[in-house]
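What follows is the content of model11.cif (mmCIF, C-alpha atoms).
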data_model
loop_
_atom_site.label_atom_id
_atom_site.label_comp_id
_atom_site.auth_asym_id
_atom_site.auth_seq_id
_atom_site.Cartn_x
_atom_site.Cartn_y
_atom_site.Cartn_z
CA MET A 1 74.91 78.32 176.85
CA PHE A 2 76.54 80.44 174.17
CA GLU A 3 79.25 77.81 173.70
CA GLN A 4 76.41 75.31 173.14
CA ILE A 5 74.79 77.65 170.61
CA CYS A 6 78.04 77.82 168.65
CA ASP A 7 77.94 74.04 168.18
CA LEU A 8 74.31 73.88 166.97
CA PRO A 9 73.74 72.65 163.40
CA GLU A 10 71.61 75.72 162.58
CA TYR A 11 74.18 78.20 163.89
CA TYR A 12 76.45 78.63 160.87
CA PRO A 13 78.65 81.64 161.92
CA THR A 14 81.11 79.72 164.11
CA ARG A 15 81.79 76.85 161.74
CA THR A 16 81.91 79.05 158.62
CA GLU A 17 84.38 81.46 160.24
CA ARG A 18 86.45 78.47 161.37
CA ALA A 19 86.39 77.07 157.83
CA ILE A 20 87.67 80.38 156.45
CA LEU A 21 90.53 80.45 158.97
CA GLU A 22 91.38 76.79 158.34
CA GLU A 23 91.71 77.46 154.62
CA HIS A 24 93.33 80.89 154.69
CA ALA A 25 95.30 81.25 157.95
CA ASP A 26 98.69 80.90 156.25
CA LYS A 27 97.73 83.42 153.54
CA LEU A 28 96.50 85.77 156.22
CA VAL A 29 99.77 85.55 158.14
CA ALA A 30 101.69 86.08 154.90
CA HIS A 31 99.73 89.31 154.34
CA VAL A 32 100.77 90.49 157.80
CA GLY A 33 104.38 89.69 156.91
CA HIS A 34 106.35 90.69 160.00
CA PRO A 35 106.40 89.14 163.51
CA VAL A 36 103.55 90.40 165.70
CA ASP A 37 101.93 90.10 169.07
CA LEU A 38 98.51 88.49 168.63
CA VAL A 39 95.64 90.21 170.49
CA GLU A 40 92.05 89.01 170.65
CA LEU A 41 89.07 91.01 171.88
CA GLY A 42 86.44 88.72 173.39
CA SER A 43 88.65 85.64 173.14
CA GLY A 44 86.34 83.17 174.92
CA SER A 45 87.67 79.64 174.57
CA ALA A 46 90.04 80.79 171.79
CA SER A 47 89.24 77.64 169.79
CA LYS A 48 89.25 79.36 166.39
CA THR A 49 92.20 81.51 167.44
CA ARG A 50 94.39 78.41 167.56
CA LEU A 51 94.33 78.36 163.75
CA VAL A 52 95.94 81.81 163.65
CA VAL A 53 98.31 80.93 166.51
CA GLU A 54 99.53 77.87 164.64
CA ALA A 55 100.00 79.79 161.39
CA LEU A 56 102.02 82.50 163.15
CA LEU A 57 104.15 79.91 164.95
CA ARG A 58 104.82 78.13 161.65
CA ARG A 59 105.98 81.37 160.10
CA HIS A 60 107.85 83.04 162.97
CA GLY A 61 108.63 80.32 165.54
CA GLN A 62 107.58 82.27 168.63
CA LEU A 63 104.51 84.28 169.58
CA ARG A 64 102.98 86.30 172.38
CA PHE A 65 99.18 86.08 172.62
CA ILE A 66 97.12 88.68 174.54
CA PRO A 67 93.51 87.48 174.99
CA VAL A 68 90.96 89.93 176.39
CA ASP A 69 87.72 88.57 177.86
CA ILE A 70 85.27 89.53 180.57
CA SER A 71 85.25 85.97 181.98
CA ARG A 72 88.30 85.37 184.15
CA SER A 73 87.52 81.67 184.46
CA ILE A 74 87.42 81.15 180.68
CA LEU A 75 90.62 83.17 180.31
CA GLU A 76 92.44 81.05 182.86
CA GLU A 77 91.20 77.80 181.36
CA SER A 78 91.98 78.70 177.75
CA SER A 79 95.35 80.30 178.57
CA LEU A 80 96.57 77.26 180.50
CA ALA A 81 95.47 74.97 177.69
CA LEU A 82 97.27 77.09 175.09
CA VAL A 83 100.63 77.25 176.86
CA GLU A 84 100.41 73.52 177.52
CA ASP A 85 99.82 72.80 173.84
CA TYR A 86 102.32 75.28 172.33
CA SER A 87 105.75 75.45 173.93
CA ASP A 88 106.78 78.56 171.95
CA LEU A 89 103.69 80.54 172.93
CA GLU A 90 103.57 83.14 175.72
CA VAL A 91 100.12 84.20 176.96
CA LEU A 92 99.42 87.50 178.71
CA ALA A 93 95.70 87.49 179.55
CA VAL A 94 93.62 90.61 180.28
CA ALA A 95 90.39 90.09 182.22
CA GLY A 96 87.95 92.88 181.48
CA GLU A 97 85.54 94.50 179.05
CA TYR A 98 86.48 95.89 175.65
CA HIS A 99 87.39 99.29 177.07
CA ASP A 100 89.81 97.62 179.49
CA GLY A 101 91.44 95.90 176.53
CA LEU A 102 91.72 99.17 174.62
CA ASP A 103 93.28 100.90 177.63
CA PHE A 104 95.78 98.06 177.87
CA LEU A 105 96.65 98.31 174.18
CA LYS A 106 97.24 102.05 174.46
CA GLY A 107 99.81 101.57 177.21
CA GLU A 108 101.50 98.46 175.83
CA SER A 109 104.83 98.66 173.98
CA GLY A 110 106.44 96.04 171.79
CA PRO A 111 106.19 94.76 168.23
CA PRO A 112 103.27 95.49 165.90
CA ARG A 113 100.07 93.67 166.77
CA LEU A 114 97.51 91.66 164.87
CA ILE A 115 94.21 92.32 166.66
CA LEU A 116 91.47 89.74 166.25
CA TRP A 117 87.80 90.65 166.59
CA LEU A 118 86.09 87.46 165.52
CA GLY A 119 82.63 85.92 165.76
CA SER A 120 80.93 88.93 164.11
CA ASN A 121 80.91 90.68 167.47
CA VAL A 122 80.60 93.90 165.49
CA GLY A 123 77.01 92.78 164.89
CA ASN A 124 76.19 93.31 168.56
CA PHE A 125 76.57 97.07 168.04
CA VAL A 126 74.08 99.46 166.48
CA ARG A 127 75.78 100.53 163.25
CA ALA A 128 76.70 104.01 164.49
CA ASP A 129 78.10 102.52 167.70
CA ALA A 130 80.11 99.99 165.68
CA ILE A 131 81.81 102.88 163.88
CA HIS A 132 82.46 104.64 167.19
CA PHE A 133 83.98 101.53 168.77
CA LEU A 134 86.22 100.89 165.77
CA GLN A 135 87.37 104.50 165.88
CA ARG A 136 88.33 103.99 169.53
CA LEU A 137 90.12 100.79 168.59
CA ARG A 138 92.00 102.57 165.82
CA GLY A 139 93.03 105.19 168.39
CA ALA A 140 94.63 102.45 170.50
CA MET A 141 96.61 101.03 167.57
CA ARG A 142 100.23 101.76 166.71
CA PRO A 143 101.87 102.03 163.27
CA GLY A 144 102.14 98.51 161.85
CA ASP A 145 99.14 97.18 163.77
CA GLN A 146 96.39 95.43 161.80
CA LEU A 147 92.84 94.31 162.60
CA LEU A 148 91.26 91.01 161.58
CA ALA A 149 87.47 91.24 161.87
CA GLY A 150 84.98 88.44 161.29
CA ILE A 151 81.71 89.90 159.96
CA ASP A 152 78.51 87.99 159.22
CA LEU A 153 76.87 88.77 155.89
CA ARG A 154 73.29 89.48 154.88
CA LYS A 155 71.64 86.36 153.46
CA ASP A 156 68.27 84.71 153.02
CA PRO A 157 66.00 85.24 156.06
CA ALA A 158 65.24 81.52 156.49
CA THR A 159 68.91 80.74 157.20
CA LEU A 160 69.18 83.65 159.60
CA LEU A 161 66.00 82.85 161.50
CA ALA A 162 66.95 79.19 161.93
CA ALA A 163 70.34 80.21 163.32
CA TYR A 164 68.66 82.26 166.06
CA ASP A 165 65.74 79.94 166.83
CA ASP A 166 67.18 76.41 166.85
CA ALA A 167 65.06 73.30 167.01
CA ALA A 168 66.62 72.15 170.30
CA GLY A 169 65.60 75.37 172.07
CA VAL A 170 69.09 76.30 173.25
CA THR A 171 68.82 79.86 171.93
CA ALA A 172 65.40 80.19 173.57
CA ALA A 173 66.91 79.18 176.92
CA PHE A 174 69.78 81.62 176.35
CA ASN A 175 67.31 84.43 175.69
CA LYS A 176 65.12 83.58 178.70
CA ASN A 177 68.18 83.52 180.95
CA ILE A 178 67.88 87.32 181.28
CA LEU A 179 64.57 86.79 183.06
CA ARG A 180 66.14 84.19 185.34
CA ARG A 181 68.91 86.67 186.19
CA ILE A 182 66.38 89.41 186.98
CA ASN A 183 64.62 86.99 189.31
CA HIS A 184 67.89 85.98 190.99
CA GLU A 185 69.61 89.36 191.20
CA LEU A 186 66.75 91.85 191.47
CA GLY A 187 64.00 89.88 193.19
CA GLY A 188 61.94 89.50 190.04
CA HIS A 189 58.90 87.26 189.75
CA PHE A 190 59.03 86.33 186.06
CA GLU A 191 57.49 82.98 185.16
CA LEU A 192 59.72 81.84 182.31
CA ASP A 193 57.04 79.69 180.71
CA HIS A 194 54.84 82.80 180.42
CA PHE A 195 57.17 84.08 177.69
CA ARG A 196 58.22 82.52 174.39
CA HIS A 197 61.39 83.15 172.43
CA GLU A 198 60.99 84.67 168.98
CA ALA A 199 63.61 85.62 166.37
CA ARG A 200 62.65 88.24 163.78
CA TRP A 201 64.48 89.47 160.67
CA ASN A 202 64.30 93.24 160.21
CA GLU A 203 65.16 93.80 156.55
CA THR A 204 65.23 97.59 156.81
CA GLU A 205 67.74 97.62 159.67
CA GLY A 206 69.59 94.52 158.42
CA ARG A 207 69.42 92.76 161.77
CA ILE A 208 68.10 89.71 163.55
CA GLU A 209 66.05 90.73 166.57
CA MET A 210 65.57 88.55 169.64
CA HIS A 211 62.28 88.96 171.49
CA LEU A 212 60.60 87.44 174.52
CA VAL A 213 56.89 87.51 173.80
CA SER A 214 54.33 87.49 176.61
CA VAL A 215 51.88 84.62 176.06
CA ALA A 216 49.15 86.36 178.07
CA ALA A 217 48.27 89.66 179.71
CA GLN A 218 50.26 89.75 182.94
CA SER A 219 51.97 91.90 185.56
CA VAL A 220 55.40 91.11 186.99
CA LEU A 221 56.77 92.48 190.25
CA ILE A 222 60.49 93.22 190.60
CA ASP A 223 61.05 93.63 194.34
CA ASP A 224 64.44 95.36 194.43
CA LEU A 225 63.31 98.02 191.94
CA ASP A 226 59.90 98.51 193.59
CA LEU A 227 58.52 98.10 190.09
CA ILE A 228 55.56 96.35 188.49
CA VAL A 229 55.84 95.74 184.74
CA THR A 230 52.63 95.02 182.83
CA PHE A 231 52.45 93.15 179.53
CA ASP A 232 49.67 92.80 177.02
CA ASP A 233 49.11 89.41 175.41
CA GLY A 234 51.65 89.27 172.54
CA GLU A 235 53.72 92.23 173.77
CA SER A 236 57.43 91.54 173.61
CA ILE A 237 60.66 92.43 175.37
CA HIS A 238 63.23 93.25 172.69
CA THR A 239 66.35 91.68 174.20
CA GLU A 240 69.06 91.64 171.55
CA ASN A 241 70.09 92.54 168.00
CA SER A 242 72.58 90.94 165.64
CA TYR A 243 73.41 93.14 162.66
CA LYS A 244 74.37 91.61 159.32
CA TYR A 245 76.40 93.40 156.65
CA SER A 246 76.47 93.57 152.88
CA LEU A 247 79.87 93.91 151.20
CA HIS A 248 79.12 97.58 150.57
CA GLU A 249 78.20 98.09 154.23
CA ILE A 250 81.51 96.50 155.27
CA GLU A 251 83.41 98.91 153.04
CA THR A 252 81.42 101.82 154.45
CA LEU A 253 82.05 100.67 158.03
CA ALA A 254 85.81 100.40 157.51
CA ALA A 255 86.08 103.78 155.80
CA ALA A 256 83.93 105.56 158.40
CA ALA A 257 86.11 104.18 161.21
CA GLY A 258 89.35 105.18 159.48
CA PHE A 259 90.51 101.78 158.23
CA ALA A 260 91.75 100.70 154.83
CA ALA A 261 90.92 97.20 153.62
CA ASP A 262 93.90 94.94 152.95
CA SER A 263 92.30 91.56 152.19
CA GLN A 264 88.97 89.76 152.52
CA TRP A 265 88.14 86.04 152.65
CA PHE A 266 84.85 84.13 152.47
CA ASP A 267 83.46 80.65 152.92
CA GLU A 268 82.31 78.84 149.77
CA ALA A 269 78.68 79.91 150.18
CA HIS A 270 79.62 83.56 150.93
CA ARG A 271 77.75 83.50 154.23
CA PHE A 272 80.56 85.03 156.30
CA SER A 273 83.60 87.24 155.78
CA VAL A 274 86.99 87.64 157.45
CA ASN A 275 88.48 91.08 156.84
CA LEU A 276 92.06 92.29 157.29
CA TRP A 277 92.20 96.06 157.84
CA GLN A 278 94.86 98.58 158.76
CA PRO A 279 94.55 102.15 160.04
CA GLU A 280 94.60 104.67 157.22
CA THR A 281 96.79 107.01 159.26
CA ALA A 282 99.10 106.51 162.24
CA CYS A 283 97.33 107.06 165.55
#
Take the structure in the file and write it out as structure tokens.
Amino acid sequence: MFEQICDLPEYYPTRTERAILEEHADKLVAHVGHPVDLVELGSGSASKTRLVVEALLRRHGQLRFIPVDISRSILEESSLALVEDYSDLEVLAVAGEYHDGLDFLKGESGPPRLILWLGSNVGNFVRADAIHFLQRLRGAMRPGDQLLAGIDLRKDPATLLAAYDDAAGVTAAFNKNILRRINHELGGHFELDHFRHEARWNETEGRIEMHLVSVAAQSVLIDDLDLIVTFDDGESIHTENSYKYSLHEIETLAAAAGFAADSQWFDEAHRFSVNLWQPETAC
């Protein structure tokens, strides 16, 4: 469902980040300069990553790519497709969560690495946790390593709300899927049509909030937890946040995590940013 969301007309982050990489991939690789191993945290289908892969292959001829993703099936599918399409590419896939990827990076030797963290995945973290994660990432980096982070920017609320509440209802189905999983895995008795999806913009926190709002007063039994959850009419389950950043907040984030900014690229409308950072000190 998330792959479907990425293709929705309202969901600008994927296509704007892709547009930035299409336009600036060769400049980006020129900023890196030396041959590298390419690492991606949360690689998914690696569709946008191909733009960086191709730029590195044009410049250096050969490349090793290390994708990290929690989905083994997506890793296998994308890795096989990549090595089939690029004869000078070696893929070493790591199936696991972010911390598994960081542990792997700590123990891995070889050339410097360009680490990709695309899709504004930083926005899934509370701001303090984003700093903490980036500090951990910096601790797994070696001298010469660099980080390329895609970060979504603050913008008008109408654009943001449309991106997280599409007309086709795909995001609503994605949000309600947590209730379906509770029913399947924990013996829950949620009626999905008793909740409606709602996206909210929280200006103070700088985040889009995803909610599932109860359409009536109700009680829901979850068998495996021996739990009954009661809802008032209009009460919501706050399921997810997506934090957006101003340029100043990006600078603050990088500095707090111990990174120095090298370069920054934007789409024409300045809706999204791609940021090249390097650790301020060797770790």
Residues in the PyMOL selection byres ((chain A and resi 8-20) around 8), expressed as a ChimeraX atom specification: /A:4-7,21-25,48,119-120,150,152,159,162-164,166,265-267,271-274
Given the PyMOL selection byres ((chain A and resi 138-149) around 7), the residues it picks as a ChimeraX atom specification: /A:102,105-106,112-118,134-137,150-151,274-279,282-283
Give me the residues within 7 Å of segment 191-208 of chain A as a short mmCIF file (atom, residue, chain, number, x, y, z; two decimals) with C-alpha atoms, in the coordinates of the input, counting all atoms listed in the file and dropping any in the same chain fewer than 3 places off.
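So selection-v2.cif came out as:
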data_model
loop_
_atom_site.label_atom_id
_atom_site.label_comp_id
_atom_site.auth_asym_id
_atom_site.auth_seq_id
_atom_site.Cartn_x
_atom_site.Cartn_y
_atom_site.Cartn_z
CA PRO A 157 66.00 85.24 156.06
CA LEU A 161 66.00 82.85 161.50
CA TYR A 164 68.66 82.26 166.06
CA ASP A 165 65.74 79.94 166.83
CA ALA A 172 65.40 80.19 173.57
CA ASN A 175 67.31 84.43 175.69
CA LYS A 176 65.12 83.58 178.70
CA LEU A 179 64.57 86.79 183.06
CA HIS A 211 62.28 88.96 171.49
CA LEU A 212 60.60 87.44 174.52
CA VAL A 213 56.89 87.51 173.80
CA SER A 214 54.33 87.49 176.61
CA VAL A 215 51.88 84.62 176.06
CA ASN A 241 70.09 92.54 168.00
CA SER A 242 72.58 90.94 165.64
CA TYR A 243 73.41 93.14 162.66
CA LYS A 244 74.37 91.61 159.32
#
With 6 Å of padding per side, what axis-aligned box (centre and edge lengths, Å, one decimal) covers all the listed atoms of segment 28-47 of chain A? Give it as JSON.
{"center_x": 96.4, "center_y": 84.3, "center_z": 164.6, "size_x": 32.1, "size_y": 25.4, "size_z": 32.6}
Residue among A:Thr49, A:Ser78, A:Gln264, A:Asn177 lying closest to Glu251 of chain A, counting all atoms listed in the file: A:Gln264
Selection result of the PyMOL selection byres ((chain A and resi 218-222) around 10) on this file, as a PyMOL selection string: chain A and resi 182-183+185-191+194+214-217+223-233
Residue nearest Val53 of chain A among A:Ser87, A:Thr239, A:Ser246, A:Asn121 (counting only C-alpha atoms): A:Ser87
Exercise: Ser43 of chain A partners within 7 Å, only C-alpha atoms, chain neighbours under 3 positions left out, as a PyMOL selection string: chain A and resi 40+46+67-69
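Our summary of the geometry notes that atom CA of His60 of chain A is positioned 15.8 Å from atom CA of Gly110 of chain A.
Between atom CA of Pro111 of chain A and atom CA of Ile66 of chain A the separation is 12.6 Å.
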Which of A:Ala254, A:Leu41, A:Ile131, A:Ile74 sits closest to Asp100 of chain A [using only C-alpha atoms]: A:Leu41
d(atom CA of Ile70 of chain A, atom CA of Phe104 of chain A) in Å: 13.8 Å
Of the listed residues A:Leu75, A:Ala269, A:Ala81, A:Leu92, that which approaches Gly42 of chain A most closely, counting only C-alpha atoms: A:Leu75
With all heavy atoms as the atom set, please write segment 19-33 of chain A from the structure just given, as a PDB file, in the first residue's frame.
ATOM      1  N   ALA A  19      12.873  13.952  -8.787  1.00  0.00           N
ATOM      2  CA  ALA A  19      13.229  15.036  -9.706  1.00  0.00           C
ATOM      3  C   ALA A  19      14.550  15.682  -9.304  1.00  0.00           C
ATOM      4  O   ALA A  19      15.380  16.029 -10.160  1.00  0.00           O
ATOM      5  CB  ALA A  19      12.116  16.072  -9.749  1.00  0.00           C
ATOM      6  N   ILE A  20      14.756  15.852  -8.015  1.00  0.00           N
ATOM      7  CA  ILE A  20      16.023  16.426  -7.531  1.00  0.00           C
ATOM      8  C   ILE A  20      17.194  15.520  -7.901  1.00  0.00           C
ATOM      9  O   ILE A  20      18.230  15.976  -8.397  1.00  0.00           O
ATOM     10  CB  ILE A  20      15.968  16.636  -6.005  1.00  0.00           C
ATOM     11  CG1 ILE A  20      14.913  17.682  -5.652  1.00  0.00           C
ATOM     12  CG2 ILE A  20      17.327  17.071  -5.470  1.00  0.00           C
ATOM     13  CD1 ILE A  20      14.592  17.757  -4.174  1.00  0.00           C
ATOM     14  N   LEU A  21      17.036  14.220  -7.686  1.00  0.00           N
ATOM     15  CA  LEU A  21      18.114  13.280  -8.000  1.00  0.00           C
ATOM     16  C   LEU A  21      18.346  13.192  -9.506  1.00  0.00           C
ATOM     17  O   LEU A  21      19.495  13.076  -9.952  1.00  0.00           O
ATOM     18  CB  LEU A  21      17.789  11.904  -7.422  1.00  0.00           C
ATOM     19  CG  LEU A  21      17.773  11.816  -5.887  1.00  0.00           C
ATOM     20  CD1 LEU A  21      17.317  10.440  -5.432  1.00  0.00           C
ATOM     21  CD2 LEU A  21      19.146  12.137  -5.307  1.00  0.00           C
ATOM     22  N   GLU A  22      17.273  13.235 -10.286  1.00  0.00           N
ATOM     23  CA  GLU A  22      17.440  13.205 -11.741  1.00  0.00           C
ATOM     24  C   GLU A  22      18.272  14.380 -12.221  1.00  0.00           C
ATOM     25  O   GLU A  22      19.132  14.250 -13.097  1.00  0.00           O
ATOM     26  CB  GLU A  22      16.071  13.217 -12.427  1.00  0.00           C
ATOM     27  CG  GLU A  22      15.333  11.889 -12.359  1.00  0.00           C
ATOM     28  CD  GLU A  22      13.941  11.973 -12.951  1.00  0.00           C
ATOM     29  OE1 GLU A  22      13.433  13.116 -13.138  1.00  0.00           O
ATOM     30  OE2 GLU A  22      13.344  10.914 -13.229  1.00  0.00           O
ATOM     31  N   GLU A  23      18.029  15.548 -11.638  1.00  0.00           N
ATOM     32  CA  GLU A  23      18.718  16.755 -12.090  1.00  0.00           C
ATOM     33  C   GLU A  23      20.130  16.873 -11.537  1.00  0.00           C
ATOM     34  O   GLU A  23      21.030  17.387 -12.214  1.00  0.00           O
ATOM     35  CB  GLU A  23      17.913  17.997 -11.687  1.00  0.00           C
ATOM     36  CG  GLU A  23      18.530  19.300 -12.177  1.00  0.00           C
ATOM     37  CD  GLU A  23      17.673  20.514 -11.885  1.00  0.00           C
ATOM     38  OE1 GLU A  23      16.542  20.330 -11.374  1.00  0.00           O
ATOM     39  OE2 GLU A  23      18.125  21.643 -12.169  1.00  0.00           O
ATOM     40  N   HIS A  24      20.338  16.378 -10.308  1.00  0.00           N
ATOM     41  CA  HIS A  24      21.592  16.697  -9.615  1.00  0.00           C
ATOM     42  C   HIS A  24      22.469  15.497  -9.281  1.00  0.00           C
ATOM     43  O   HIS A  24      23.487  15.668  -8.599  1.00  0.00           O
ATOM     44  CB  HIS A  24      21.276  17.458  -8.318  1.00  0.00           C
ATOM     45  CG  HIS A  24      20.569  18.759  -8.538  1.00  0.00           C
ATOM     46  ND1 HIS A  24      21.176  19.847  -9.138  1.00  0.00           N
ATOM     47  CD2 HIS A  24      19.300  19.139  -8.239  1.00  0.00           C
ATOM     48  CE1 HIS A  24      20.326  20.858  -9.186  1.00  0.00           C
ATOM     49  NE2 HIS A  24      19.175  20.454  -8.656  1.00  0.00           N
ATOM     50  N   ALA A  25      22.112  14.292  -9.721  1.00  0.00           N
ATOM     51  CA  ALA A  25      22.874  13.101  -9.326  1.00  0.00           C
ATOM     52  C   ALA A  25      24.345  13.209  -9.703  1.00  0.00           C
ATOM     53  O   ALA A  25      25.233  12.846  -8.911  1.00  0.00           O
ATOM     54  CB  ALA A  25      22.260  11.851  -9.944  1.00  0.00           C
ATOM     55  N   ASP A  26      24.651  13.699 -10.892  1.00  0.00           N
ATOM     56  CA  ASP A  26      26.053  13.795 -11.303  1.00  0.00           C
ATOM     57  C   ASP A  26      26.804  14.839 -10.473  1.00  0.00           C
ATOM     58  O   ASP A  26      27.976  14.633 -10.130  1.00  0.00           O
ATOM     59  CB  ASP A  26      26.142  14.117 -12.794  1.00  0.00           C
ATOM     60  CG  ASP A  26      25.781  12.917 -13.665  1.00  0.00           C
ATOM     61  OD1 ASP A  26      26.320  11.821 -13.415  1.00  0.00           O
ATOM     62  OD2 ASP A  26      24.948  13.068 -14.568  1.00  0.00           O
ATOM     63  N   LYS A  27      26.148  15.951 -10.140  1.00  0.00           N
ATOM     64  CA  LYS A  27      26.775  16.955  -9.281  1.00  0.00           C
ATOM     65  C   LYS A  27      27.025  16.375  -7.895  1.00  0.00           C
ATOM     66  O   LYS A  27      28.069  16.618  -7.281  1.00  0.00           O
ATOM     67  CB  LYS A  27      25.886  18.192  -9.178  1.00  0.00           C
ATOM     68  CG  LYS A  27      25.666  18.942 -10.470  1.00  0.00           C
ATOM     69  CD  LYS A  27      24.693  20.091 -10.241  1.00  0.00           C
ATOM     70  CE  LYS A  27      24.308  20.757 -11.554  1.00  0.00           C
ATOM     71  NZ  LYS A  27      23.277  21.809 -11.356  1.00  0.00           N
ATOM     72  N   LEU A  28      26.051  15.638  -7.413  1.00  0.00           N
ATOM     73  CA  LEU A  28      26.170  15.003  -6.106  1.00  0.00           C
ATOM     74  C   LEU A  28      27.379  14.081  -6.057  1.00  0.00           C
ATOM     75  O   LEU A  28      28.195  14.144  -5.122  1.00  0.00           O
ATOM     76  CB  LEU A  28      24.885  14.224  -5.838  1.00  0.00           C
ATOM     77  CG  LEU A  28      24.604  13.535  -4.535  1.00  0.00           C
ATOM     78  CD1 LEU A  28      23.120  13.268  -4.448  1.00  0.00           C
ATOM     79  CD2 LEU A  28      25.370  12.228  -4.398  1.00  0.00           C
ATOM     80  N   VAL A  29      27.499  13.233  -7.071  1.00  0.00           N
ATOM     81  CA  VAL A  29      28.615  12.286  -7.121  1.00  0.00           C
ATOM     82  C   VAL A  29      29.940  13.036  -7.247  1.00  0.00           C
ATOM     83  O   VAL A  29      30.959  12.629  -6.671  1.00  0.00           O
ATOM     84  CB  VAL A  29      28.406  11.301  -8.285  1.00  0.00           C
ATOM     85  CG1 VAL A  29      29.660  10.501  -8.557  1.00  0.00           C
ATOM     86  CG2 VAL A  29      27.237  10.372  -7.976  1.00  0.00           C
ATOM     87  N   ALA A  30      29.937  14.146  -7.972  1.00  0.00           N
ATOM     88  CA  ALA A  30      31.154  14.947  -8.094  1.00  0.00           C
ATOM     89  C   ALA A  30      31.559  15.531  -6.744  1.00  0.00           C
ATOM     90  O   ALA A  30      32.756  15.642  -6.433  1.00  0.00           O
ATOM     91  CB  ALA A  30      30.946  16.060  -9.114  1.00  0.00           C
ATOM     92  N   HIS A  31      30.577  15.882  -5.906  1.00  0.00           N
ATOM     93  CA  HIS A  31      30.884  16.393  -4.570  1.00  0.00           C
ATOM     94  C   HIS A  31      31.522  15.301  -3.710  1.00  0.00           C
ATOM     95  O   HIS A  31      32.382  15.591  -2.878  1.00  0.00           O
ATOM     96  CB  HIS A  31      29.605  16.907  -3.903  1.00  0.00           C
ATOM     97  CG  HIS A  31      29.306  18.338  -4.181  1.00  0.00           C
ATOM     98  ND1 HIS A  31      29.758  19.383  -3.409  1.00  0.00           N
ATOM     99  CD2 HIS A  31      28.590  18.917  -5.178  1.00  0.00           C
ATOM    100  CE1 HIS A  31      29.342  20.525  -3.892  1.00  0.00           C
ATOM    101  NE2 HIS A  31      28.627  20.272  -4.970  1.00  0.00           N
ATOM    102  N   VAL A  32      31.064  14.070  -3.893  1.00  0.00           N
ATOM    103  CA  VAL A  32      31.659  12.955  -3.142  1.00  0.00           C
ATOM    104  C   VAL A  32      33.105  12.732  -3.589  1.00  0.00           C
ATOM    105  O   VAL A  32      34.011  12.523  -2.781  1.00  0.00           O
ATOM    106  CB  VAL A  32      30.816  11.674  -3.327  1.00  0.00           C
ATOM    107  CG1 VAL A  32      31.493  10.484  -2.669  1.00  0.00           C
ATOM    108  CG2 VAL A  32      29.413  11.875  -2.748  1.00  0.00           C
ATOM    109  N   GLY A  33      33.326  12.773  -4.895  1.00  0.00           N
ATOM    110  CA  GLY A  33      34.682  12.769  -5.432  1.00  0.00           C
ATOM    111  C   GLY A  33      35.287  11.403  -5.622  1.00  0.00           C
ATOM    112  O   GLY A  33      35.538  10.978  -6.743  1.00  0.00           O
TER     113      GLY A  33
END
